[in-house]
Amino acid sequence: MTRERLAGVARAALGGGRRLEAVERVAGGSKKGVYRLVMDDATTAIAYLWDDAENYWPAAEGDGDLADPLAHGLGLDLFEAAHARLDALAVRVPALRLVDRHGDHGPAGLAVVEDVPGENLERLLARDPRAAAPVLARLGEALDAMRHHRAPAYGKVALVEKGLTSRGTSCEDVVLGHALRDLAEAAARDPRVAAARDRLEARLLGLSAAVRPRPAAFSLVHGELGPDHVLVDADGSPVLVDIEGALYFDVEWEHVFLRIRLGDHYAPLAADGLDEDRLALYTLAQRLSLTAGPLRLLDGDFPNRAAMAGIAEHNLRQALDLVRA
């Protein structure tokens with residue numbers, strides 16, 4: 001966006017009498033533009049912009065398919081629905097300052113939210129794990145509230161809460177389908193995956209067959225809740241961001257991702273009663289997703305290439321370890 005348009009957005013979101021002094025692009029976003037708006041009185045806010053020009057991901061079949069629970073969460077509608085649901089559960093998310101769905105202040109699909117200053121949970125854990133302990137405890141409380149908020153159907157929050165139906169016959173069916181596609185994509189890009197493709201596919205099918213049906217009651221999950229998606233506010237409360245992909249799904253999907261991303265720091269977030277067969281299937285599926293996704297992102301012009309290549313390499317090795325004789 002031009003600085004002039006962002007100046008108009010800032011005035012509308014933060015009130016008159018202030019002038020936009022600086023615009024800072026916030027690093028890390030791969031599907032939307034994230035900009036810090038700094039006013040001349042030091043007031044700040046964050047602008048989210050969903051636009052094709054802000055999306056680093058190369059186009060792929062199924063992108064933006066609302067009926068696919070695991071498709072990339074893109075767009076203002078998904079953000080608004082997830083924000084409203086999490087806020088209603090008293091799960092901390094950045095406060096909304098402005099929503100522009102009609103292009104009144106530039107391209108349609110824009111929101112301005114509270115700027116939460118300070119570091120995210122990932123940096124806090126690296127700097128001072130002891131100081132991060134109460135944040136993890138509060139995050140565990142938020143996850144517990146989300147886990148116990150159930151829906152009778154799975155899918156993106158925006159879809160389920162409108163009474164619409166997602167693709168697939170079960171969460172495990174959806175996960176298996178995605179995992180097989182991720183396996184094919186990764187095999188096309190890395191010869192090590194290609195050499196192990198038959199073993200990985202057989203392992204996925206075997207793990208899927210072991211999953212037993214259970215009553216249809218699906219928990220609210222973030223979907224990609226790594227410590228980089230948890231900000232820490234001035235009161236030490238965790239603040240969830242990048243929430244567009246929030247969905248109703250098996251809670252095991254969330255906890256596999258948390259285990260992968262938090263490693264030794266996961267224990268305070270552990271939940272009782274998780275299904276071990278689902279955990280096993282979802283672990284391999286997410287390792288393949290975290291291999292294929294970054295490799296596909298590297299087909300485009302994503303700037304932080306070394307970090308993304310490192311994510312792909314780490315998860316590729318972890319996936320291969322799961323089928324190593």
# chains A, B, ... in the order shown; residues from 1 in each chain; ligands from 1

$ residues_around --residues "Leu37 in chain A" --least-positions-apart "6" --cutoff "9 Å" --atoms "only C-alpha atoms" --output "VMD selection string"
chain A and resid 6 to 7 10 20 to 25 43 to 47 115

$ select_by_dssp --residues "range 38-250 of chain A" --states "alpha helix (DSSP H)" --output "PyMOL selection string"
chain A and resi 76-88+121-127+129-147+157-160+171-189+191-195+197-210

$ closest_atom_pairs --of "range 22-93 of chain A" --to "range 167-187 of chain A" --cutoff "9 Å" --atoms "only C-alpha atoms" --output "CSV"
residue,atom,partner,partner_atom,distance
A:Ala67,CA,A:Arg167,CA,5.6
A:Asp68,CA,A:Arg167,CA,5.7
A:Pro69,CA,A:Arg167,CA,7.4
A:Leu70,CA,A:Val174,CA,7.8

$ residues_around --residues "Gly206 in chain A" --least-positions-apart "2" --cutoff "12 Å" --atoms "only C-alpha atoms" --output "list in words"
Leu176, Arg199, Leu200, Glu201, Ala202, Arg203, Leu204, Ser208, Ala209, Ala210, Val211, Asp277, Arg278, Ala280, Leu281, Leu284 and Val323 of chain A

$ atom_distance --atom1 "CA of Phe249 in chain A" --atom2 "CA of Ser219 in chain A"
5.5 Å

$ closest_residue --among "A:Ala142, A:Val232, A:Ala126, A:Ala292" --to "Leu262 in chain A" --atoms "only C-alpha atoms"
A:Ala126

$ closest_residue --among "A:Lys31, A:Arg317, A:Arg97, A:His255" --to "Asp144 in chain A" --atoms "only C-alpha atoms"
A:His255

$ closest_residue --among "A:Leu247, A:Ala111, A:Ala285, A:Met308" --to "Leu207 in chain A" --atoms "only C-alpha atoms"
A:Ala285

$ residues_around --residues "Glu119 in chain A" --least-positions-apart "3" --cutoff "9 Å" --atoms "only C-alpha atoms" --output "JSON, numbers by chain"
{"A": [116, 122, 123, 124, 231, 232, 233]}

$ write_last_selection --atoms "all heavy atoms" --output "mmCIF file, in the first residue's frame"
data_model
loop_
_atom_site.group_PDB
_atom_site.id
_atom_site.type_symbol
_atom_site.label_atom_id
_atom_site.label_comp_id
_atom_site.auth_asym_id
_atom_site.auth_seq_id
_atom_site.Cartn_x
_atom_site.Cartn_y
_atom_site.Cartn_z
ATOM 1 N N VAL A 116 0.697 -4.961 20.094
ATOM 2 C CA VAL A 116 1.129 -5.541 21.369
ATOM 3 C C VAL A 116 2.650 -5.444 21.411
ATOM 4 O O VAL A 116 3.349 -6.211 20.752
ATOM 5 C CB VAL A 116 0.677 -7.007 21.500
ATOM 6 C CG1 VAL A 116 1.137 -7.585 22.845
ATOM 7 C CG2 VAL A 116 -0.838 -7.112 21.375
ATOM 8 N N GLU A 122 8.359 -17.137 21.605
ATOM 9 C CA GLU A 122 9.561 -17.808 21.111
ATOM 10 C C GLU A 122 10.815 -17.110 21.617
ATOM 11 O O GLU A 122 11.748 -17.748 22.129
ATOM 12 C CB GLU A 122 9.535 -17.836 19.589
ATOM 13 C CG GLU A 122 10.685 -18.617 18.963
ATOM 14 C CD GLU A 122 10.497 -18.754 17.472
ATOM 15 O OE1 GLU A 122 10.237 -17.746 16.783
ATOM 16 O OE2 GLU A 122 10.602 -19.894 16.972
ATOM 17 N N ARG A 123 10.852 -15.787 21.502
ATOM 18 C CA ARG A 123 12.032 -15.041 21.954
ATOM 19 C C ARG A 123 12.147 -15.070 23.472
ATOM 20 O O ARG A 123 13.247 -15.143 24.019
ATOM 21 C CB ARG A 123 11.956 -13.602 21.442
ATOM 22 C CG ARG A 123 12.016 -13.489 19.923
ATOM 23 C CD ARG A 123 12.223 -12.035 19.482
ATOM 24 N NE ARG A 123 12.080 -11.913 18.040
ATOM 25 C CZ ARG A 123 10.976 -11.502 17.422
ATOM 26 N NH1 ARG A 123 9.917 -11.176 18.148
ATOM 27 N NH2 ARG A 123 10.935 -11.408 16.119
ATOM 28 N N LEU A 124 11.018 -14.988 24.164
ATOM 29 C CA LEU A 124 11.061 -15.022 25.629
ATOM 30 C C LEU A 124 11.590 -16.354 26.133
ATOM 31 O O LEU A 124 12.398 -16.396 27.078
ATOM 32 C CB LEU A 124 9.663 -14.754 26.185
ATOM 33 C CG LEU A 124 9.532 -14.766 27.718
ATOM 34 C CD1 LEU A 124 10.451 -13.726 28.361
ATOM 35 C CD2 LEU A 124 8.086 -14.525 28.132
ATOM 36 N N LEU A 231 2.141 -13.579 21.163
ATOM 37 C CA LEU A 231 2.773 -12.381 21.700
ATOM 38 C C LEU A 231 2.582 -12.350 23.215
ATOM 39 O O LEU A 231 1.706 -13.029 23.753
ATOM 40 C CB LEU A 231 2.167 -11.129 21.067
ATOM 41 C CG LEU A 231 2.162 -11.073 19.538
ATOM 42 C CD1 LEU A 231 1.548 -9.767 19.053
ATOM 43 C CD2 LEU A 231 3.560 -11.259 18.966
ATOM 44 N N VAL A 232 3.397 -11.573 23.885
ATOM 45 C CA VAL A 232 3.300 -11.446 25.347
ATOM 46 C C VAL A 232 3.053 -9.980 25.661
ATOM 47 O O VAL A 232 3.890 -9.116 25.355
ATOM 48 C CB VAL A 232 4.584 -11.935 26.037
ATOM 49 C CG1 VAL A 232 4.432 -11.847 27.555
ATOM 50 C CG2 VAL A 232 4.907 -13.370 25.615
ATOM 51 N N ASP A 233 1.904 -9.680 26.270
ATOM 52 C CA ASP A 233 1.575 -8.285 26.526
ATOM 53 C C ASP A 233 2.226 -7.790 27.816
ATOM 54 O O ASP A 233 2.947 -8.540 28.507
ATOM 55 C CB ASP A 233 0.062 -8.055 26.516
ATOM 56 C CG ASP A 233 -0.665 -8.634 27.732
ATOM 57 O OD1 ASP A 233 -0.006 -9.058 28.701
ATOM 58 O OD2 ASP A 233 -1.919 -8.665 27.701
#

$ atom_distance --atom1 "CA of Ala267 in chain A" --atom2 "CA of Glu252 in chain A"
14.7 Å

$ select_by_dssp --residues "range 67-237 of chain A" --states "strand (DSSP E or B)" --output "PyMOL selection string"
chain A and resi 96-100+110-114+120+150-151+155-156+218-221+230-232

$ residues_around --residues "range 153-156 of chain A" --least-positions-apart "3" --cutoff "12 Å" --atoms "only C-alpha atoms" --output "ChimeraX atom specification"
/A:64-74,77-82,85,150,159-174,215-223,243-251

$ atom_distance --atom1 "CA of Leu96 in chain A" --atom2 "CA of Gly8 in chain A"
16.7 Å

$ residues_around --residues "Ala312 in chain A" --least-positions-apart "5" --cutoff "7 Å" --atoms "only C-alpha atoms" --output "PyMOL selection string"
chain A and resi 290-291+294-295

$ write_last_selection --atoms "all heavy atoms" --output "tab-separated table (two decimals), in the first residue's frame"
chain	number	residue	atom	x	y	z
A	290	LEU	N	5.29	-29.75	7.04
A	290	LEU	CA	6.35	-28.79	7.34
A	290	LEU	C	7.59	-29.02	6.49
A	290	LEU	O	8.57	-28.27	6.59
A	290	LEU	CB	6.70	-28.86	8.83
A	290	LEU	CG	5.62	-28.31	9.76
A	290	LEU	CD1	5.89	-28.71	11.20
A	290	LEU	CD2	5.53	-26.79	9.62
A	291	THR	N	7.56	-30.05	5.67
A	291	THR	CA	8.58	-30.25	4.64
A	291	THR	C	8.09	-29.69	3.31
A	291	THR	O	8.74	-28.84	2.69
A	291	THR	CB	8.92	-31.74	4.47
A	291	THR	OG1	9.40	-32.26	5.71
A	291	THR	CG2	9.98	-31.94	3.40
A	294	PRO	N	7.26	-25.47	3.24
A	294	PRO	CA	8.41	-24.59	3.04
A	294	PRO	C	9.09	-24.78	1.69
A	294	PRO	O	9.56	-23.80	1.10
A	294	PRO	CB	9.35	-25.00	4.19
A	294	PRO	CG	8.42	-25.44	5.27
A	294	PRO	CD	7.31	-26.16	4.54
A	295	LEU	N	9.18	-26.01	1.19
A	295	LEU	CA	9.79	-26.21	-0.12
A	295	LEU	C	8.98	-25.52	-1.21
A	295	LEU	O	9.54	-24.94	-2.15
A	295	LEU	CB	9.92	-27.71	-0.42
A	295	LEU	CG	10.96	-28.47	0.42
A	295	LEU	CD1	10.94	-29.96	0.08
A	295	LEU	CD2	12.36	-27.90	0.21

$ closest_residue --among "A:Leu89, A:Leu125, A:Gly16, A:Gly33" --to "His148 in chain A" --atoms "only C-alpha atoms"
A:Leu89

$ closest_residue --among "A:Leu274, A:Val26, A:Leu143, A:Leu14" --to "Asp40 in chain A" --atoms "only C-alpha atoms"
A:Leu14

$ residues_around --residues "Val256 in chain A" --least-positions-apart "6" --cutoff "7 Å" --atoms "only C-alpha atoms" --output "list in words"
Leu279, Tyr282 and Thr283 of chain A

$ write_last_selection --atoms "N, CA and C atoms" --output "short mmCIF file (atom, residue, chain, number, x, y, z; two decimals), in the first residue's frame"
data_model
loop_
_atom_site.label_atom_id
_atom_site.label_comp_id
_atom_site.auth_asym_id
_atom_site.auth_seq_id
_atom_site.Cartn_x
_atom_site.Cartn_y
_atom_site.Cartn_z
N LEU A 279 -2.52 -39.00 17.43
CA LEU A 279 -1.24 -38.30 17.60
C LEU A 279 -0.18 -38.87 16.65
N TYR A 282 -1.07 -37.81 13.01
CA TYR A 282 -0.93 -36.38 12.80
C TYR A 282 0.52 -35.93 12.90
N THR A 283 1.33 -36.64 13.68
CA THR A 283 2.75 -36.29 13.77
C THR A 283 3.44 -36.48 12.42
#
